[in-house]
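Below you'll find the structure, written out as structure tokens, and then a few comments.
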There are 2 protein chains.
Amino acid sequence: MLLSQTAVYALKAVLYLAENGSDEPLRVDDIARGLNVPRNYLSKILHVQAKAGLLDSTRGPRGGFQLSRDPAQLSLAEIIAPFDDIAFSSACLLGRERCSDDTPCAAHTRWKNVSASVRTFLSETTIHDLSHSGASVVSG
Amino acid sequence: MLLSQTAVYALKAVLYLAENGSDEPLRVDDIARGLNVPRNYLSKILHVQAKAGLLDSTRGPRGGFQLSRDPAQLSLAEIIAPFDDIAFSSACLLGRERCSDDTPCAAHTRWKNVSASVRTFLSETTIHDLSHSGASVVSG
DNA sequence: AGAATTAATCATATCATCATGATGAACGCA
DNA sequence: TGCGTTCATCATGATGATATGATTAATTCT
């Protein structure tokens with residue numbers, strides 16, 4: 001898979017919030033059940049996202065998680081970033097730390113356009129874009 | 001990283017063989033040293049590639065590994081396949097087993113063109129293409 | 001046959017990811 | 001203040017990827 005399991009859960013959770021959250025925060029329990037993902041595991045993922053400023057968390061009764069930003073301003077890249085650098089630092093196909101036009105790996109020239117299209121997709125696609133697809137976030 | 005470490009080693013080894021091997025097989029020891037990769041670990045990777053029909057292995061004196069095919073007929077996808085399905089079965093961004101035009105995930109429509117370009121790159125780029133890049137395979 | 005060479009395999013270690021269960025800390029409300 | 005709700009954190013385990021070292025099997029050459 002392109003993304004780690006954790007990053008996928010992070011994405012799904014944000015999508016779930018965008019589709020099901022309103023003014024009220026949603027509880028981890030409900031999100032976890034809705035996505036069919038382990039509760040405590042999801043809790044940690046949501047916590048990381050809250051620390052990254054993507055979500056607001058509220059404790060106590062009527063607490064839970066909310067998006068802290070407009071879904072139309074929230075890119076997939078930002079959501080993935082805390083869990084997975086894939087689209088950014090490690091864009092070299094052969095896993096080199098330094099791989100640029102000046103110090104290319106054997107695949108650099110041919111690969112860079114393809115990898116750029118992946119990065120562009122992730123940074124220009126927003127949660128808003130996906131949450132209007134009509135497809136269910138759940139099950140997978 | 002897009003590819004697993006193992007798949008990267010597999011790719012590098014084949015590139016190394018394409019660039020340094022001639023009629024004579026190359027020994028694991030030499031390839032491992034040339035690529036700066038653990039010897040026994042590489043040995044297993046080469047063995048898998050031999051079983052997949054990509055390499056010929058010969059034991060005993062003057063033995064080692066050779067490409068079993070013309071580098072111009074050897075795609076990156078074929079080399080990666082025994083180690084990593086990424087480009088094929090698990091093309092769904094959200095990790096769903098079934099994700100198609102009929103049963104799409106939320107990201108399907110937007111992601112499919114991008115992922116197709118990755119698959120195309122891997123299946124249409126050959127070892128020959130990369131081994132003439134002028135860049136070193138080693139280090140990284 | 002015997003020695004040298006080389007890949008193949010086995011047993012094990014290490015680490016990150018993925019995950020579970022139990023407990024702690026903050027909060028709201030009566 | 002006290003109780004229930006909810007997120008936060010801790011301790012632990014399972015699994016797979018990534019290795020390492022030692023041994024075995026096949027082959028060549030003399």
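Chain labels follow the order of the structure tokens: the first chain is A, the next B, and so on; residue numbering restarts at 1 in every chain, and ligands are counted from 1 in their shown order.
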(Q) Distance limit 7 Å, atoms considered: only C-alpha atoms. Which chain B residues sit that close to chain A? Return them as a ChimeraX atom specification. (A) /B:1-2,8,86,90-91,93-97,104-107,114,117-118,130-131,133,135-137,140
Do you have, as CSV, the list of residues of chain A lying at most 6 Å from chain D, each with its nearest atom pair and that distance in Å to one decimal, counting only C-alpha atoms (C1' of nucleotides) and ordered by chain then number?
```
residue,atom,partner,partner_atom,distance
A:Arg59,CA,D:DT6,C1',5.1
A:Gly60,CA,D:DT6,C1',4.5
A:Pro61,CA,D:DT5,C1',4.7
```
Residues of chain B within 12 Å of chain C, only C-alpha atoms (C1' of nucleotides) counted, as a PDB file with N, CA and C atoms, in the first residue's frame:
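And here's part_11.pdb as it stands now:
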```
ATOM      1  N   PRO B  25      29.098 -14.770 -14.464  1.00  0.00           N
ATOM      2  CA  PRO B  25      28.226 -14.441 -13.328  1.00  0.00           C
ATOM      3  C   PRO B  25      28.983 -13.578 -12.312  1.00  0.00           C
ATOM      4  N   LEU B  26      28.226 -12.793 -11.553  1.00  0.00           N
ATOM      5  CA  LEU B  26      28.822 -12.021 -10.462  1.00  0.00           C
ATOM      6  C   LEU B  26      28.481 -12.683  -9.138  1.00  0.00           C
ATOM      7  N   ARG B  27      29.447 -12.715  -8.242  1.00  0.00           N
ATOM      8  CA  ARG B  27      29.205 -13.335  -6.940  1.00  0.00           C
ATOM      9  C   ARG B  27      28.414 -12.418  -6.014  1.00  0.00           C
ATOM     10  N   VAL B  28      27.610 -13.023  -5.127  1.00  0.00           N
ATOM     11  CA  VAL B  28      26.831 -12.255  -4.155  1.00  0.00           C
ATOM     12  C   VAL B  28      27.739 -11.309  -3.391  1.00  0.00           C
ATOM     13  N   ASP B  29      28.883 -11.834  -2.986  1.00  0.00           N
ATOM     14  CA  ASP B  29      29.823 -11.026  -2.224  1.00  0.00           C
ATOM     15  C   ASP B  29      30.157  -9.723  -2.934  1.00  0.00           C
ATOM     16  N   ASP B  30      30.448  -9.842  -4.214  1.00  0.00           N
ATOM     17  CA  ASP B  30      30.847  -8.648  -4.959  1.00  0.00           C
ATOM     18  C   ASP B  30      29.685  -7.683  -5.144  1.00  0.00           C
ATOM     19  N   ARG B  39      25.279  -8.957   2.929  1.00  0.00           N
ATOM     20  CA  ARG B  39      25.496 -10.059   2.021  1.00  0.00           C
ATOM     21  C   ARG B  39      24.421 -11.132   2.055  1.00  0.00           C
ATOM     22  N   ASN B  40      24.139 -11.652   3.255  1.00  0.00           N
ATOM     23  CA  ASN B  40      23.190 -12.756   3.344  1.00  0.00           C
ATOM     24  C   ASN B  40      21.767 -12.315   3.006  1.00  0.00           C
ATOM     25  N   TYR B  41      21.491 -11.119   3.384  1.00  0.00           N
ATOM     26  CA  TYR B  41      20.173 -10.575   3.069  1.00  0.00           C
ATOM     27  C   TYR B  41      20.009 -10.467   1.554  1.00  0.00           C
ATOM     28  N   LEU B  42      21.026  -9.939   0.916  1.00  0.00           N
ATOM     29  CA  LEU B  42      20.986  -9.830  -0.545  1.00  0.00           C
ATOM     30  C   LEU B  42      20.900 -11.205  -1.185  1.00  0.00           C
ATOM     31  N   SER B  43      21.603 -12.149  -0.592  1.00  0.00           N
ATOM     32  CA  SER B  43      21.588 -13.515  -1.120  1.00  0.00           C
ATOM     33  C   SER B  43      20.163 -14.050  -1.228  1.00  0.00           C
ATOM     34  N   LYS B  44      19.384 -13.811  -0.169  1.00  0.00           N
ATOM     35  CA  LYS B  44      17.998 -14.289  -0.188  1.00  0.00           C
ATOM     36  C   LYS B  44      17.173 -13.578  -1.251  1.00  0.00           C
ATOM     37  N   ILE B  45      17.426 -12.309  -1.401  1.00  0.00           N
ATOM     38  CA  ILE B  45      16.684 -11.531  -2.386  1.00  0.00           C
ATOM     39  C   ILE B  45      17.009 -12.027  -3.794  1.00  0.00           C
ATOM     40  N   LEU B  46      18.278 -12.283  -4.035  1.00  0.00           N
ATOM     41  CA  LEU B  46      18.681 -12.774  -5.348  1.00  0.00           C
ATOM     42  C   LEU B  46      18.086 -14.154  -5.600  1.00  0.00           C
ATOM     43  N   HIS B  47      18.037 -14.951  -4.545  1.00  0.00           N
ATOM     44  CA  HIS B  47      17.470 -16.283  -4.667  1.00  0.00           C
ATOM     45  C   HIS B  47      16.000 -16.205  -5.097  1.00  0.00           C
ATOM     46  N   VAL B  48      15.261 -15.299  -4.487  1.00  0.00           N
ATOM     47  CA  VAL B  48      13.850 -15.108  -4.861  1.00  0.00           C
ATOM     48  C   VAL B  48      13.746 -14.691  -6.323  1.00  0.00           C
ATOM     49  N   ALA B  50      15.851 -15.366  -8.631  1.00  0.00           N
ATOM     50  CA  ALA B  50      16.210 -16.510  -9.471  1.00  0.00           C
ATOM     51  C   ALA B  50      15.012 -17.445  -9.618  1.00  0.00           C
ATOM     52  N   ASP B  56      19.724 -16.056 -13.275  1.00  0.00           N
ATOM     53  CA  ASP B  56      20.254 -17.412 -13.234  1.00  0.00           C
ATOM     54  C   ASP B  56      21.299 -17.478 -12.143  1.00  0.00           C
ATOM     55  N   SER B  57      21.237 -18.535 -11.331  1.00  0.00           N
ATOM     56  CA  SER B  57      22.273 -18.678 -10.311  1.00  0.00           C
ATOM     57  C   SER B  57      23.106 -19.919 -10.611  1.00  0.00           C
ATOM     58  N   THR B  58      24.382 -19.802 -10.355  1.00  0.00           N
ATOM     59  CA  THR B  58      25.302 -20.918 -10.553  1.00  0.00           C
ATOM     60  C   THR B  58      26.135 -21.073  -9.301  1.00  0.00           C
ATOM     61  N   ARG B  59      26.194 -22.301  -8.765  1.00  0.00           N
ATOM     62  CA  ARG B  59      27.000 -22.524  -7.565  1.00  0.00           C
ATOM     63  C   ARG B  59      28.398 -22.994  -7.956  1.00  0.00           C
ATOM     64  N   GLY B  60      29.251 -22.934  -6.958  1.00  0.00           N
ATOM     65  CA  GLY B  60      30.607 -23.399  -7.164  1.00  0.00           C
ATOM     66  C   GLY B  60      31.496 -22.334  -7.763  1.00  0.00           C
ATOM     67  N   PRO B  61      32.757 -22.686  -7.940  1.00  0.00           N
ATOM     68  CA  PRO B  61      33.748 -21.761  -8.492  1.00  0.00           C
ATOM     69  C   PRO B  61      33.270 -21.167  -9.815  1.00  0.00           C
ATOM     70  N   ARG B  62      33.541 -19.914 -10.003  1.00  0.00           N
ATOM     71  CA  ARG B  62      33.088 -19.157 -11.185  1.00  0.00           C
ATOM     72  C   ARG B  62      31.569 -19.048 -11.237  1.00  0.00           C
ATOM     73  N   GLY B  63      30.933 -19.310 -10.074  1.00  0.00           N
ATOM     74  CA  GLY B  63      29.480 -19.188 -10.020  1.00  0.00           C
ATOM     75  C   GLY B  63      29.056 -17.782  -9.664  1.00  0.00           C
ATOM     76  N   GLY B  64      27.765 -17.623  -9.431  1.00  0.00           N
ATOM     77  CA  GLY B  64      27.225 -16.327  -9.086  1.00  0.00           C
ATOM     78  C   GLY B  64      25.877 -16.112  -9.750  1.00  0.00           C
ATOM     79  N   PHE B  65      25.513 -14.862  -9.914  1.00  0.00           N
ATOM     80  CA  PHE B  65      24.216 -14.529 -10.511  1.00  0.00           C
ATOM     81  C   PHE B  65      24.387 -13.757 -11.817  1.00  0.00           C
TER      82      PHE B  65
END
```
* Asked: Tell me, which residues of stretch 9-127 of chain B carry DSSP helix (DSSP H, G or I), written as a PyMOL selection string?
  -> chain B and resi 9-20+28-35+39-51+71-73+76-80+108-124+127
The distance between atom CA of B:Ala72 and atom CA of B:Lys51 is 20.2 Å
